[in-house]
Amino acid sequence: MATYIIKGKKKLNGSVKVSGSKNAALPILCATLLADKKCTLKNVPDIADIHSLISLLKTLGCEIEFKNNIVIVDPKNIKNRSMVFEGICNMRASILLLGPLLARFGKAKMSYPGGCILGKRPVDVHLRSLEKLGAVVVEDNEILELKTTKLKGAEIVMSEMSVTATENIVMAAVLTEGKTTVRLAATEPHVQDLCNFLNKLGAKITGIGTNILNITGVKNLRGGEHSIIGDYLEAGTFAIAAALTKGEVEIKGANPHDLDIVWNKFKELGIPLTLAKNSVTVHPCKFLGHVDKVRTAVYPSFPTDLQAPFAVLLTQAKGKCQVYETLFEGRLNYLFELEKMGAKFEILNPHQAEIKGPTKLTGVPISSWDIRAGAAMVLAALVAFGTTEISNIGFIDRGYEKLEQKLRKLGADIKRV
Ligand code: EPU
């Protein structure tokens, strides 16, 4: 894997446009399996996770072109096949094939999905919900295998507001006879984008953006065109970069209100912001104030995917702040990398840590642990004294498109070796 070399303490200034959302593009690509005709997807981020998923879709017979952030998928020759092979273990999002394959072919067989190591990431919500629609779980140990003679609309109360489980149920239910109601559905912007895409193809989903989705099954879905929403998590990452380097940066291309709770924390820290329709501008702030607590939870609460990046800001803020990661128990491990740079914290338990600031960070060799922890290391390097070498940046490439080019354009001293 490549390495980033970053010389810190360069102020970021200017304007940056975020790419399309990874977490919207992944389920939407899987949903093209449900269509009868070609689908054209615009604003698709050119990142490793998208390329991995495209290879899986090609294995299923999809004809796919991907250039200039546009993906054209022609599903006319798709056929079901067992997806039991190693490649699948690299990405958690492969679980999103389960719903479409079951709806289209009445069976799905795949290796257990891998992806970022974020503690236990079970699939019980996916399986129990698909069972409610009439799926039978044949195996769920090493291999995931589901089959059905016929799916039928049902009332489903999800046991967790899981993002990808909601997406799987929606994708299975749109072609399922009868009415399906999904209660305690996830409402993240990427879940909404998937539902909007499916409706463009002829699906009948109402309640989009709420915790109750009503789906009336249709016989088939046509092809169509859709532009993937901008990545609000990337927008949050750049906003933190701007605040850390005390620069003035306009971040365009995502709905800033998807991060309202994050902006509340910015305000608590005293960072001035201007929100517009499709952009946010972060203004310089000399000294960061104090935040008591950051607690991650499902949308619209503080996103777990910005917990590690925000913690870097906390190393520069005044006093102690408790970080409470409610979703994933493995998502505080990146702190040990920040410790090598001088960060001060105490891990209270697998879900909670207390970060003490402000501390001087110094560039040393560190490593990227997952997509978001990797982004956090880049942020720490931008504010650190000296040069930071970040290894394993393949993780960052999985989720961020052209990160170093975008940062360099804003004034960062970053290179990939
Ligand atoms: N959960 C269960 N059982 C399940 C599924 C989930 O108990 O069957 C629990 C999890 O343990 C966790 C919670 O439900 O506590 C939420 O997990 P969720 O299923 O929502 O996570 P996910 O769908 O696997 C998506 C994103 C992640 C993001 C989480 C939370 C995609 C492709 N992935 O994962 O994104 O962290 O939602 O918002 O949409 C990333 O982009 O870096 C990333 C990891």
# chains A, B, ... in the order shown; residues from 1 in each chain; ligands from 1

call {"tool": "residues_near_ligand", "arguments": {"ligand": "ligand 1", "cutoff": "9 Å", "atoms": "only C-alpha atoms and all ligand atoms", "output": "JSON, numbers by chain"}}
result
{"A": [22, 23, 24, 25, 26, 27, 91, 92, 93, 94, 95, 96, 115, 116, 117, 118, 119, 120, 121, 122, 123, 124, 125, 126, 127, 128, 159, 160, 161, 162, 163, 164, 165, 166, 167, 186, 188, 190, 191, 233, 297, 298, 299, 303, 304, 305, 306, 326, 327, 328, 329, 370, 371, 372, 373, 398, 399]}

call {"tool": "residues_around", "arguments": {"residues": "Lys340 (chain A)", "least_positions_apart": "5", "cutoff": "9 Å", "atoms": "only C-alpha atoms", "output": "number ranges by chain"}}
result
A: 335, 361-366

call {"tool": "select_by_dssp", "arguments": {"residues": "region 199-278 of chain A", "states": "helix (DSSP H, G or I)", "output": "number ranges by chain"}}
result
A: 199-200, 232-245, 256-269

call {"tool": "select_by_dssp", "arguments": {"residues": "region 115-356 of chain A", "states": "strand (DSSP E)", "output": "PyMOL selection string"}}
result
chain A and resi 136-140+143-147+155-157+179-183+204-206+212-216+224-227+248-252+273-275+279-282+293-296+319-325+344-349+352-356

call {"tool": "atom_distance", "arguments": {"atom1": "CA of His283 (chain A)", "atom2": "CA of Glu250 (chain A)"}}
result
8.7 Å

call {"tool": "residues_around", "arguments": {"residues": "Ala243 (chain A)", "least_positions_apart": "5", "cutoff": "9 Å", "atoms": "only C-alpha atoms", "output": "list in words"}}
result
Leu12, Phe238, Glu248, Val249, Phe266, Ile271, Val282, His283, Pro284, Cys285, Leu288 and Leu313 of chain A

call {"tool": "closest_residue", "arguments": {"among": "A:Thr237, A:Ser19, A:Thr315, A:Gln352", "to": "Glu339 (chain A)", "atoms": "only C-alpha atoms"}}
result
A:Thr315

call {"tool": "atom_distance", "arguments": {"atom1": "CA of Thr148 (chain A)", "atom2": "CA of Pro100 (chain A)"}}
result
12.8 Å

call {"tool": "closest_residue", "arguments": {"among": "A:Lys37, A:Lys415, A:Lys277, A:Lys360", "to": "Lys252 (chain A)", "atoms": "only C-alpha atoms"}}
result
A:Lys277

call {"tool": "residues_around", "arguments": {"residues": "Ile28 (chain A)", "least_positions_apart": "3", "cutoff": "9 Å", "atoms": "only C-alpha atoms", "output": "ChimeraX atom specification"}}
result
/A:23-25,31-32,41,193-195,197-198,228

call {"tool": "write_last_selection", "arguments": {"atoms": "all heavy atoms", "output": "mmCIF file, in the first residue's frame"}}
result
data_model
loop_
_atom_site.group_PDB
_atom_site.id
_atom_site.type_symbol
_atom_site.label_atom_id
_atom_site.label_comp_id
_atom_site.auth_asym_id
_atom_site.auth_seq_id
_atom_site.Cartn_x
_atom_site.Cartn_y
_atom_site.Cartn_z
ATOM 1 N N ASN A 23 -21.417 5.894 0.277
ATOM 2 C CA ASN A 23 -22.433 5.053 0.904
ATOM 3 C C ASN A 23 -23.798 5.140 0.219
ATOM 4 O O ASN A 23 -24.693 4.364 0.533
ATOM 5 C CB ASN A 23 -22.531 5.372 2.403
ATOM 6 C CG ASN A 23 -21.290 4.882 3.131
ATOM 7 O OD1 ASN A 23 -20.501 4.102 2.582
ATOM 8 N ND2 ASN A 23 -21.083 5.348 4.362
ATOM 9 N N ALA A 24 -23.942 6.100 -0.722
ATOM 10 C CA ALA A 24 -25.145 6.109 -1.571
ATOM 11 C C ALA A 24 -24.860 5.322 -2.849
ATOM 12 O O ALA A 24 -25.688 4.533 -3.308
ATOM 13 C CB ALA A 24 -25.550 7.535 -1.907
ATOM 14 N N ALA A 25 -23.663 5.537 -3.411
ATOM 15 C CA ALA A 25 -23.346 4.893 -4.692
ATOM 16 C C ALA A 25 -23.320 3.362 -4.563
ATOM 17 O O ALA A 25 -23.746 2.653 -5.486
ATOM 18 C CB ALA A 25 -22.001 5.404 -5.203
ATOM 19 N N ALA A 31 -28.632 -1.881 -6.552
ATOM 20 C CA ALA A 31 -30.048 -1.811 -6.940
ATOM 21 C C ALA A 31 -30.243 -1.900 -8.445
ATOM 22 O O ALA A 31 -31.336 -2.243 -8.905
ATOM 23 C CB ALA A 31 -30.661 -0.513 -6.410
ATOM 24 N N THR A 32 -29.186 -1.617 -9.226
ATOM 25 C CA THR A 32 -29.348 -1.725 -10.689
ATOM 26 C C THR A 32 -29.607 -3.180 -11.099
ATOM 27 O O THR A 32 -30.107 -3.434 -12.175
ATOM 28 C CB THR A 32 -28.108 -1.198 -11.455
ATOM 29 O OG1 THR A 32 -26.973 -1.998 -11.098
ATOM 30 C CG2 THR A 32 -27.821 0.259 -11.150
ATOM 31 N N LEU A 41 -25.659 6.204 -13.895
ATOM 32 C CA LEU A 41 -25.445 6.854 -12.601
ATOM 33 C C LEU A 41 -24.360 7.902 -12.748
ATOM 34 O O LEU A 41 -23.261 7.599 -13.235
ATOM 35 C CB LEU A 41 -25.032 5.811 -11.547
ATOM 36 C CG LEU A 41 -25.975 4.618 -11.391
ATOM 37 C CD1 LEU A 41 -25.397 3.618 -10.406
ATOM 38 C CD2 LEU A 41 -27.358 5.084 -10.932
ATOM 39 N N ASP A 193 -31.318 8.479 -0.701
ATOM 40 C CA ASP A 193 -30.922 8.556 -2.113
ATOM 41 C C ASP A 193 -31.247 7.244 -2.839
ATOM 42 O O ASP A 193 -31.713 7.247 -3.973
ATOM 43 C CB ASP A 193 -29.421 8.883 -2.211
ATOM 44 C CG ASP A 193 -29.061 9.537 -3.543
ATOM 45 O OD1 ASP A 193 -29.907 10.268 -4.110
ATOM 46 O OD2 ASP A 193 -27.936 9.333 -4.031
ATOM 47 N N LEU A 194 -31.004 6.116 -2.146
ATOM 48 C CA LEU A 194 -31.345 4.814 -2.737
ATOM 49 C C LEU A 194 -32.852 4.755 -3.032
ATOM 50 O O LEU A 194 -33.262 4.333 -4.117
ATOM 51 C CB LEU A 194 -30.954 3.677 -1.773
ATOM 52 C CG LEU A 194 -31.514 2.304 -2.147
ATOM 53 C CD1 LEU A 194 -30.841 1.762 -3.408
ATOM 54 C CD2 LEU A 194 -31.351 1.297 -1.004
ATOM 55 N N CYS A 195 -33.670 5.171 -2.060
ATOM 56 C CA CYS A 195 -35.132 5.105 -2.248
ATOM 57 C C CYS A 195 -35.552 6.009 -3.406
ATOM 58 O O CYS A 195 -36.387 5.622 -4.233
ATOM 59 C CB CYS A 195 -35.859 5.525 -0.968
ATOM 60 S SG CYS A 195 -35.593 4.379 0.395
ATOM 61 N N PHE A 197 -33.777 6.846 -5.975
ATOM 62 C CA PHE A 197 -33.349 6.194 -7.224
ATOM 63 C C PHE A 197 -34.363 5.106 -7.614
ATOM 64 O O PHE A 197 -34.818 5.037 -8.758
ATOM 65 C CB PHE A 197 -31.945 5.596 -7.049
ATOM 66 C CG PHE A 197 -31.542 4.655 -8.150
ATOM 67 C CD1 PHE A 197 -31.321 5.129 -9.439
ATOM 68 C CD2 PHE A 197 -31.378 3.291 -7.909
ATOM 69 C CE1 PHE A 197 -30.953 4.271 -10.473
ATOM 70 C CE2 PHE A 197 -31.010 2.425 -8.934
ATOM 71 C CZ PHE A 197 -30.796 2.916 -10.219
ATOM 72 N N LEU A 198 -34.729 4.264 -6.640
ATOM 73 C CA LEU A 198 -35.652 3.166 -6.943
ATOM 74 C C LEU A 198 -36.996 3.717 -7.430
ATOM 75 O O LEU A 198 -37.593 3.177 -8.368
ATOM 76 C CB LEU A 198 -35.837 2.278 -5.704
ATOM 77 C CG LEU A 198 -34.626 1.387 -5.378
ATOM 78 C CD1 LEU A 198 -34.724 0.824 -3.965
ATOM 79 C CD2 LEU A 198 -34.499 0.239 -6.393
ATOM 80 N N ILE A 228 -25.852 10.754 -8.055
ATOM 81 C CA ILE A 228 -25.615 10.399 -6.641
ATOM 82 C C ILE A 228 -25.444 11.691 -5.819
ATOM 83 O O ILE A 228 -24.770 12.626 -6.267
ATOM 84 C CB ILE A 228 -24.311 9.546 -6.520
ATOM 85 C CG1 ILE A 228 -24.364 8.306 -7.428
ATOM 86 C CG2 ILE A 228 -23.991 9.199 -5.074
ATOM 87 C CD1 ILE A 228 -25.334 7.241 -7.051
#

call {"tool": "closest_residue", "arguments": {"among": "A:Glu155, A:Glu177, A:Asp140, A:Glu401", "to": "Asn69 (chain A)", "atoms": "only C-alpha atoms"}}
result
A:Glu401

call {"tool": "atom_distance", "arguments": {"atom1": "CA of Asn333 (chain A)", "atom2": "CA of Met377 (chain A)"}}
result
12.1 Å

call {"tool": "closest_residue", "arguments": {"among": "A:Lys38, A:Ala108, A:Ile169, A:Thr176", "to": "Lys147 (chain A)", "atoms": "only C-alpha atoms"}}
result
A:Ala108

call {"tool": "closest_residue", "arguments": {"among": "A:Met1, A:Arg408, A:Thr281, A:Glu145", "to": "Gly247 (chain A)", "atoms": "only C-alpha atoms"}}
result
A:Thr281

call {"tool": "residues_around", "arguments": {"residues": "Leu332 (chain A)", "least_positions_apart": "6", "cutoff": "9 Å", "atoms": "only C-alpha atoms", "output": "list of chain:residue names"}}
result
A:Gln307, A:Ala308, A:Glu325, A:Ile347, A:Pro350, A:His351, A:Gln352, A:Ala353, A:Ala373

call {"tool": "residues_around", "arguments": {"residues": "Ser82 (chain A)", "least_positions_apart": "5", "cutoff": "9 Å", "atoms": "only C-alpha atoms", "output": "MDAnalysis selection string"}}
result
chainID A and resid 108:111

call {"tool": "write_last_selection", "arguments": {"atoms": "N, CA, C and O atoms", "output": "CSV table (one decimal), in the first residue's frame"}}
result
chain,number,residue,atom,x,y,z
A,108,ALA,N,-29.7,-16.4,-2.9
A,108,ALA,CA,-28.5,-15.7,-2.8
A,108,ALA,C,-27.5,-16.5,-2.0
A,108,ALA,O,-27.9,-17.0,-0.9
A,109,LYS,N,-26.3,-16.6,-2.5
A,109,LYS,CA,-25.3,-17.3,-1.8
A,109,LYS,C,-24.0,-16.5,-1.9
A,109,LYS,O,-23.5,-16.2,-3.0
A,110,MET,N,-23.4,-16.2,-0.7
A,110,MET,CA,-22.1,-15.4,-0.8
A,110,MET,C,-21.2,-15.6,0.4
A,110,MET,O,-21.7,-16.1,1.5
A,111,SER,N,-20.0,-15.3,0.2
A,111,SER,CA,-19.1,-15.4,1.4
A,111,SER,C,-19.4,-14.3,2.4
A,111,SER,O,-20.0,-13.3,2.0

call {"tool": "residues_around", "arguments": {"residues": "region 254-259 of chain A", "least_positions_apart": "6", "cutoff": "9 Å", "atoms": "only C-alpha atoms", "output": "PyMOL selection string"}}
result
chain A and resi 17-21+188-189+229-236+275-280+299-303

call {"tool": "closest_residue", "arguments": {"among": "A:Pro113, A:Pro45, A:Gly289, A:Pro309", "to": "Val378 (chain A)", "atoms": "only C-alpha atoms"}}
result
A:Pro309

call {"tool": "decode", "arguments": {"residues": "region 183-250 of chain A", "atoms": "C-alpha atoms", "output": "JSON list (two decimals), in the first residue's frame"}}
result
[["chain", "number", "residue", "atom", "x", "y", "z"],
["A", 183, "ARG", "CA", -40.48, 0.39, 10.99],
["A", 184, "LEU", "CA", -37.35, 1.74, 12.70],
["A", 185, "ALA", "CA", -35.82, 2.16, 9.25],
["A", 186, "ALA", "CA", -32.52, 4.03, 8.98],
["A", 187, "THR", "CA", -32.95, 7.56, 7.58],
["A", 188, "GLU", "CA", -29.39, 8.49, 6.55],
["A", 189, "PRO", "CA", -29.16, 10.67, 3.40],
["A", 190, "HIS", "CA", -27.70, 7.70, 1.50],
["A", 191, "VAL", "CA", -30.71, 5.53, 2.41],
["A", 192, "GLN", "CA", -32.95, 8.33, 1.10],
["A", 193, "ASP", "CA", -30.92, 8.56, -2.11],
["A", 194, "LEU", "CA", -31.34, 4.81, -2.74],
["A", 195, "CYS", "CA", -35.13, 5.11, -2.25],
["A", 196, "ASN", "CA", -35.32, 8.11, -4.58],
["A", 197, "PHE", "CA", -33.35, 6.19, -7.22],
["A", 198, "LEU", "CA", -35.65, 3.17, -6.94],
["A", 199, "ASN", "CA", -38.73, 5.40, -7.27],
["A", 200, "LYS", "CA", -37.26, 6.86, -10.48],
["A", 201, "LEU", "CA", -37.15, 3.30, -11.85],
["A", 202, "GLY", "CA", -40.84, 2.81, -10.99],
["A", 203, "ALA", "CA", -40.74, 1.56, -7.39],
["A", 204, "LYS", "CA", -43.42, 2.74, -4.97],
["A", 205, "ILE", "CA", -41.75, 3.82, -1.73],
["A", 206, "THR", "CA", -43.24, 6.42, 0.58],
["A", 207, "GLY", "CA", -42.05, 7.80, 3.91],
["A", 208, "ILE", "CA", -38.53, 8.45, 2.55],
["A", 209, "GLY", "CA", -36.45, 10.21, 5.21],
["A", 210, "THR", "CA", -38.64, 8.93, 8.07],
["A", 211, "ASN", "CA", -38.32, 5.83, 10.23],
["A", 212, "ILE", "CA", -41.39, 4.26, 8.60],
["A", 213, "LEU", "CA", -41.05, 3.22, 4.98],
["A", 214, "ASN", "CA", -44.08, 1.91, 3.06],
["A", 215, "ILE", "CA", -43.32, -0.08, -0.06],
["A", 216, "THR", "CA", -45.90, -1.35, -2.51],
["A", 217, "GLY", "CA", -44.37, -4.08, -4.64],
["A", 218, "VAL", "CA", -44.27, -3.62, -8.42],
["A", 219, "LYS", "CA", -43.78, -6.26, -11.14],
["A", 220, "ASN", "CA", -40.65, -4.79, -12.67],
["A", 221, "LEU", "CA", -38.33, -1.78, -12.62],
["A", 222, "ARG", "CA", -37.29, 0.04, -15.77],
["A", 223, "GLY", "CA", -33.90, 1.64, -16.40],
["A", 224, "GLY", "CA", -33.18, 5.27, -15.60],
["A", 225, "GLU", "CA", -30.72, 8.01, -14.79],
["A", 226, "HIS", "CA", -29.70, 9.32, -11.40],
["A", 227, "SER", "CA", -27.09, 11.62, -9.94],
["A", 228, "ILE", "CA", -25.61, 10.40, -6.64],
["A", 229, "ILE", "CA", -25.86, 12.92, -3.76],
["A", 230, "GLY", "CA", -22.71, 14.71, -2.64],
["A", 231, "ASP", "CA", -20.78, 13.11, 0.21],
["A", 232, "TYR", "CA", -21.69, 14.89, 3.45],
["A", 233, "LEU", "CA", -19.05, 12.86, 5.31],
["A", 234, "GLU", "CA", -16.36, 14.16, 2.97],
["A", 235, "ALA", "CA", -17.76, 17.68, 3.49],
["A", 236, "GLY", "CA", -17.41, 17.20, 7.25],
["A", 237, "THR", "CA", -13.83, 15.96, 6.82],
["A", 238, "PHE", "CA", -12.83, 19.08, 4.83],
["A", 239, "ALA", "CA", -14.60, 21.35, 7.32],
["A", 240, "ILE", "CA", -12.51, 19.85, 10.12],
["A", 241, "ALA", "CA", -9.35, 20.26, 8.01],
["A", 242, "ALA", "CA", -10.15, 23.95, 7.51],
["A", 243, "ALA", "CA", -10.83, 24.51, 11.23],
["A", 244, "LEU", "CA", -7.64, 22.70, 12.26],
["A", 245, "THR", "CA", -5.44, 24.78, 9.98],
["A", 246, "LYS", "CA", -7.33, 28.01, 10.81],
["A", 247, "GLY", "CA", -8.01, 28.67, 7.15],
["A", 248, "GLU", "CA", -11.07, 29.82, 5.23],
["A", 249, "VAL", "CA", -12.52, 27.06, 3.07],
["A", 250, "GLU", "CA", -15.77, 26.83, 1.12]]
